[in-house]
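First the structure, in the form of structure tokens, and then the observations on it.
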Amino acid sequence: MLPRAARGARLLIAAALVGPDEAATRGPANAPVTIVEFSDFQCPSSRKASRAVRELFARHPGKVRWVFKSFPLPFHRQAPLAHEAALAAGEWGLFWEMHDGIFKTQESLDRARLVDLAAGLGIPAADFELVLDSRAFSRAVAREAEEGRSLGVTGTPTFLVNGLRLVGAQPAEALDHVVRRALGLETAAAPDLPAEILLEDPEPAHPLAFGPKEARVVAKVFVDLRSPLGLKAARAAKDVLDRHAGEVRLVFKLLATGIYADSGTAHEAAAAIAKRGAGFFDVWSRIARTQGTIHAGSAAAMASEAGLGEEAAREVEREVRQGAHRALVEADGRLARRLGIKGSPAVVVGGRRLDGLAGIVELGRLLEAGGAGPPGAAAARAGEPIADRDAASRCDPALPPPGLAASAAGISAPPGPPAGPGVPVHDFGAAALGAAVRHVFELRNDGPRPLKVTSVTAPPALEVRRVPREVAPGAAERLEMALITGWASGAIEVSLRLETDDPARPALVFGLRGIVSEEVQVHPAGGLSLRAVAGEAAEAAAELHIEGGEPREASVAGTDVAGLEVVLEPVLPGRRHRLRARLGPRAAVGELRGLVTLRTSHPRVQEVLVPVEAIVLPEIAVTPPVLVVRDPSKPLHVTLESSRGTPFTVRQARSDLPFLRLVPLPAPPGPRQRVEIRVDAGWLPAAAARGEVRLALEGVGEPAGALREVAVPVEWAAGAPR
């Protein structure tokens, strides 16, 4: 007998028009949790996942609705017909029974086997063969597969649990956690859960989480705070939070990339400071600018600079020494490794990964374009899929066969609007990853009156080295820009926009495009960074890596930084070279910026431009050079004086000796400052003691907002009068 209301030839028409939603759904329509599963009957991981979902139903009766969607993969030749057979069985009200039978015998799913399974369920073989041979449900299977692709599904099984996407055969505990959270029975995510769940967790207790817990979009931003790109990344992330306040929550995950030995300590310091409500983005900027090694003592200094009191700064120092936040930092690092994230920054949102500075900018664009919708809905169509907790837990045509490694150059979205028709664009060919691309455009004014540039808009990775503020009639001025390529590889295109006061030309756009090759890389990205005090030399180093192919030669062609000496030494001949830079003691006080040019025999990347940023600070004379406590009843005084007459102020002071007390002496900025320090005799130890006073100075040649520390030794001789 033919199924339900359909009879004879009408079945062939009705089955092609009536969707399978009712037959392929289990659980009440008004259930608070809906699980949509995209599955492949020939995928072993899908079979495993079906058992987990069945167990979930037993745990939460009446609370879960299961919607099964067909997603046959191209390399499973028997899967399409198997999915059609299950939908056909649904016409007899036996979809789920056929579903279970197919999974039990998925090793052989030819036509004869499918007919036998249907007959075993009581479906007349002749009627079932009629439906199966008509391919009446092929259109429904194709429609569901296309629906999955439009949602970013690439492999099976893929679950959408109330909008949260989980990829791979999830254990019942993982699915149960998601369901319990949806039912309001669970609040925190355990660290051993699948990465996809952790990435959607708003992490209310994480000290570096910003934005409301109920935000429409939760994004995890993996950062190494020590990276030179941190200054730009911090600004870009802060901009996203400011422009989309209330609708996005950013959780910053601390990732030690392995390039900076003190990243772990820096990250623990940031967590300790941020936990106390200090400005995380300011702390991030200070960490990225710090040239020396970050340790517990410097963590306390940063806490003071961030506005925390003396006691709070000591608590920060104590927590860093004791490793109070080490577990958090290590957990963040483990999650990054599970996702295959190695570089900083990287954004993961809606199950997709957006790499580099461009990723943070792209997140802002997705928020602007996404409108209302489930978390990550806009981002689900951009970026690279995140790496699975276990690639073996899913079937995916993008995965290589067992025993083969997958490799592909990642191409990130450009960090600025692409240049349109009529826009001057410089094609730089090929550049090394982590190096720079520099180009000079000519800004010509053919009009009758002066052309004034009123504003400049550039993506974070594009540095404007020189921009004219006014161009006289009939004249031309240089517009110089430099692209730092550490944020992405592959084909890129960025643009710079100038706003002018000319109604006929209100906006001018200039672009750069080319290929950033991963075969030639500069580490760390962003090049050389040097810091020196006037009269002293400074040194820095970077590495040039040439991957793949035959060994290549490399040499120094020159530098445009005055007083900089550079040498290139082979580490692994033809593969790795160490670039050493030394800034001599006669360098002028102030900021120096430029490039070191390297030549290689690589066929595509023959020139590598390594960015150089140096700052030479004026010398600070300290009088007396050592503070000696002789009479505790009398205060100590220390005088600081800039050798170049540069004005400064004393912002903070601290000491590792508990008997010293700083007396604030408010004073306007000037080249000479005096600080008074008093001795608390009640805290004087019986034995001799040595320590130091550390003074944080602002304005002595440092970038705006940055502080410079000066240490003054202190001695207490036991037996002196108290």
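Identifiers for the structure tokens are assigned positionally: chains receive A, B, ... in sequence, residues are indexed from 1 per chain, and ligands are indexed from 1 in the order shown.
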
For stretch 431-433 of chain A, work out the shell of residues within 7 Å, counting only C-alpha atoms and skipping chain neighbours fewer than 3 positions away, then give it as a VMD selection string.
chain A and resid 485 to 486 489 515 to 518 520 to 522 605 608

For those residues, write all heavy atoms to a file as a tab-separated table (two decimals), in the first residue's frame.
```tsv
chain	number	residue	atom	x	y	z
A	485	THR	N	53.72	44.08	6.26
A	485	THR	CA	53.02	42.90	5.74
A	485	THR	C	52.85	41.79	6.75
A	485	THR	O	52.50	40.68	6.38
A	485	THR	CB	53.77	42.35	4.52
A	485	THR	OG1	55.07	41.90	4.95
A	485	THR	CG2	53.94	43.41	3.46
A	486	GLY	N	53.11	42.03	8.03
A	486	GLY	CA	53.05	40.96	9.01
A	486	GLY	C	51.65	40.47	9.31
A	486	GLY	O	51.48	39.50	10.04
A	489	SER	N	49.10	36.95	4.41
A	489	SER	CA	49.85	36.49	3.26
A	489	SER	C	48.89	36.27	2.10
A	489	SER	O	47.68	36.27	2.27
A	489	SER	CB	50.59	35.18	3.59
A	489	SER	OG	49.66	34.16	3.91
A	515	ILE	N	51.54	40.58	-3.90
A	515	ILE	CA	51.52	39.27	-3.28
A	515	ILE	C	52.49	39.27	-2.10
A	515	ILE	O	53.64	39.67	-2.24
A	515	ILE	CB	51.94	38.16	-4.27
A	515	ILE	CG1	51.01	38.16	-5.49
A	515	ILE	CG2	51.93	36.80	-3.58
A	515	ILE	CD1	49.58	37.77	-5.19
A	516	VAL	N	52.01	38.83	-0.95
A	516	VAL	CA	52.88	38.65	0.21
A	516	VAL	C	53.20	37.16	0.32
A	516	VAL	O	52.30	36.34	0.49
A	516	VAL	CB	52.21	39.15	1.51
A	516	VAL	CG1	53.11	38.89	2.71
A	516	VAL	CG2	51.91	40.64	1.39
A	517	SER	N	54.47	36.84	0.18
A	517	SER	CA	54.89	35.44	0.09
A	517	SER	C	55.28	34.91	1.46
A	517	SER	O	55.99	35.56	2.22
A	517	SER	CB	56.08	35.31	-0.87
A	517	SER	OG	56.62	34.01	-0.82
A	518	GLU	N	54.83	33.68	1.76
A	518	GLU	CA	55.24	33.02	2.99
A	518	GLU	C	56.59	32.32	2.82
A	518	GLU	O	57.15	31.83	3.80
A	518	GLU	CB	54.19	32.01	3.44
A	518	GLU	CG	52.91	32.65	3.97
A	518	GLU	CD	51.97	31.64	4.57
A	518	GLU	OE1	52.10	30.45	4.23
A	518	GLU	OE2	51.11	32.03	5.37
A	520	VAL	N	59.39	33.73	2.00
A	520	VAL	CA	60.41	34.60	2.58
A	520	VAL	C	59.74	35.37	3.72
A	520	VAL	O	58.73	36.04	3.50
A	520	VAL	CB	60.99	35.57	1.53
A	520	VAL	CG1	62.09	36.42	2.16
A	520	VAL	CG2	61.54	34.81	0.33
A	521	GLN	N	60.31	35.27	4.92
A	521	GLN	CA	59.68	35.88	6.09
A	521	GLN	C	60.71	36.62	6.93
A	521	GLN	O	61.87	36.22	6.99
A	521	GLN	CB	59.01	34.81	6.96
A	521	GLN	CG	57.94	34.00	6.25
A	521	GLN	CD	57.31	32.98	7.18
A	521	GLN	OE1	57.51	33.01	8.39
A	521	GLN	NE2	56.53	32.07	6.62
A	522	VAL	N	60.24	37.69	7.57
A	522	VAL	CA	61.05	38.43	8.53
A	522	VAL	C	60.45	38.21	9.92
A	522	VAL	O	59.25	38.37	10.12
A	522	VAL	CB	61.08	39.94	8.20
A	522	VAL	CG1	61.78	40.71	9.31
A	522	VAL	CG2	61.78	40.17	6.87
A	605	VAL	N	60.96	37.14	-4.61
A	605	VAL	CA	61.18	38.17	-3.60
A	605	VAL	C	62.67	38.49	-3.58
A	605	VAL	O	63.44	37.94	-2.79
A	605	VAL	CB	60.70	37.70	-2.21
A	605	VAL	CG1	60.79	38.84	-1.20
A	605	VAL	CG2	59.28	37.16	-2.28
A	608	VAL	N	63.99	42.70	0.16
A	608	VAL	CA	63.26	42.63	1.43
A	608	VAL	C	63.55	43.92	2.20
A	608	VAL	O	64.71	44.23	2.48
A	608	VAL	CB	63.70	41.41	2.26
A	608	VAL	CG1	62.97	41.39	3.60
A	608	VAL	CG2	63.44	40.12	1.49
```

I'd like to know which residues of stretch 131-340 of chain A are strand (DSSP E or B) (by DSSP, run on the backbone); could you write them as a VMD selection string?
chain A and resid 156 158 to 161 164 to 167 209 to 210 217 to 223 248 to 254

So that I can check the surroundings of stretch 262-268 of chain A, please list as a ChimeraX atom specification every protein, DNA and RNA residue that reaches within 10 Å of it, counting only C-alpha atoms and ignoring chain neighbours fewer than 4 positions away.
/A:223-227,253-258,272-274,283-284,287-288,292-296,298-299,316,319-321,323-330,333

Using only C-alpha atoms, which residue out of A:Leu363, A:Leu229, A:Val494, A:Ile341 lies closest to A:Leu241?
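For A:Leu241, the nearest of the given residues is A:Leu363.
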
Which one of A:Arg578, A:Arg337, A:Arg674, A:Arg651 sits closest to A:Val638 if you count only C-alpha atoms?
A:Arg674

Can you list, as a PyMOL selection string, every protein, DNA or RNA residue that comes within 10 Å of A:Gly27 when you count only C-alpha atoms, leaving out same-chain residues fewer than 2 positions away?
chain A and resi 25+29-31+33-34+57+61-67

What separation in Å, quoted to one decimal, exists between atom CA of A:Leu568 and atom CA of A:Val556?
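Atom CA of A:Val556 lies at a distance of 6.4 Å from atom CA of A:Leu568.
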
As a list in words, please: the residues near A:Ala82 (cut-off 9 Å, only C-alpha atoms, same-chain neighbours under 3 positions excluded).
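Once the adjacent positions are removed, what remains is Phe41, Gln42, Gln78, Ala79, Ala85, Ala86, Leu87, Ile102, Leu109, Asp110, Arg111 and Leu114 of chain A.
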
Would you output that residue set with N, CA, C and O atoms, as a PDB file, in the first residue's frame?
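Dumped everything to selection17.pdb:
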```pdb
ATOM      1  N   PHE A  41      25.219   9.849   5.379  1.00  0.00           N
ATOM      2  CA  PHE A  41      25.006   8.470   5.813  1.00  0.00           C
ATOM      3  C   PHE A  41      26.243   7.585   5.621  1.00  0.00           C
ATOM      4  O   PHE A  41      26.346   6.536   6.247  1.00  0.00           O
ATOM      5  N   GLN A  42      27.181   7.990   4.786  1.00  0.00           N
ATOM      6  CA  GLN A  42      28.386   7.194   4.593  1.00  0.00           C
ATOM      7  C   GLN A  42      29.550   7.665   5.454  1.00  0.00           C
ATOM      8  O   GLN A  42      30.631   7.086   5.395  1.00  0.00           O
ATOM      9  N   GLN A  78      27.661   6.499  -2.606  1.00  0.00           N
ATOM     10  CA  GLN A  78      26.370   5.878  -2.308  1.00  0.00           C
ATOM     11  C   GLN A  78      25.504   6.736  -1.382  1.00  0.00           C
ATOM     12  O   GLN A  78      24.338   6.415  -1.152  1.00  0.00           O
ATOM     13  N   ALA A  79      26.061   7.838  -0.870  1.00  0.00           N
ATOM     14  CA  ALA A  79      25.323   8.636   0.104  1.00  0.00           C
ATOM     15  C   ALA A  79      24.068   9.297  -0.467  1.00  0.00           C
ATOM     16  O   ALA A  79      23.015   9.294   0.199  1.00  0.00           O
ATOM     17  N   ALA A  85      16.571   7.489   0.121  1.00  0.00           N
ATOM     18  CA  ALA A  85      15.845   6.336   0.662  1.00  0.00           C
ATOM     19  C   ALA A  85      15.277   6.657   2.043  1.00  0.00           C
ATOM     20  O   ALA A  85      14.145   6.263   2.368  1.00  0.00           O
ATOM     21  N   ALA A  86      16.021   7.352   2.869  1.00  0.00           N
ATOM     22  CA  ALA A  86      15.513   7.700   4.201  1.00  0.00           C
ATOM     23  C   ALA A  86      14.315   8.637   4.101  1.00  0.00           C
ATOM     24  O   ALA A  86      13.322   8.483   4.830  1.00  0.00           O
ATOM     25  N   LEU A  87      14.382   9.622   3.190  1.00  0.00           N
ATOM     26  CA  LEU A  87      13.259  10.537   3.021  1.00  0.00           C
ATOM     27  C   LEU A  87      12.047   9.812   2.447  1.00  0.00           C
ATOM     28  O   LEU A  87      10.892  10.123   2.803  1.00  0.00           O
ATOM     29  N   ILE A 102      20.258   2.510   8.152  1.00  0.00           N
ATOM     30  CA  ILE A 102      21.305   2.882   7.196  1.00  0.00           C
ATOM     31  C   ILE A 102      22.639   3.052   7.908  1.00  0.00           C
ATOM     32  O   ILE A 102      23.682   2.595   7.439  1.00  0.00           O
ATOM     33  N   LEU A 109      25.778   0.398   0.931  1.00  0.00           N
ATOM     34  CA  LEU A 109      24.510   1.109   0.781  1.00  0.00           C
ATOM     35  C   LEU A 109      24.073   1.160  -0.679  1.00  0.00           C
ATOM     36  O   LEU A 109      23.596   2.179  -1.166  1.00  0.00           O
ATOM     37  N   ASP A 110      24.208   0.035  -1.382  1.00  0.00           N
ATOM     38  CA  ASP A 110      23.743   0.017  -2.765  1.00  0.00           C
ATOM     39  C   ASP A 110      22.219  -0.084  -2.791  1.00  0.00           C
ATOM     40  O   ASP A 110      21.560  -0.229  -1.760  1.00  0.00           O
ATOM     41  N   ARG A 111      21.649  -0.019  -3.975  1.00  0.00           N
ATOM     42  CA  ARG A 111      20.194   0.018  -4.114  1.00  0.00           C
ATOM     43  C   ARG A 111      19.544  -1.207  -3.487  1.00  0.00           C
ATOM     44  O   ARG A 111      18.540  -1.093  -2.768  1.00  0.00           O
ATOM     45  N   LEU A 114      19.366  -0.991   0.281  1.00  0.00           N
ATOM     46  CA  LEU A 114      18.383  -0.017   0.745  1.00  0.00           C
ATOM     47  C   LEU A 114      16.965  -0.567   0.644  1.00  0.00           C
ATOM     48  O   LEU A 114      16.138  -0.356   1.539  1.00  0.00           O
TER      49      LEU A 114
END
```

In Å, with one decimal, what is the gap from atom CA of A:Arg708 to atom CA of A:Ala306?
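These atoms are spaced 13.4 Å apart.
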
Which residues, written as a VMD selection string, have at least one atom at most 9 Å from A:Gly574, with only C-alpha atoms counted and residues fewer than 3 positions away on the same chain left out?
chain A and resid 545 to 546 550 to 554 570 to 571 577
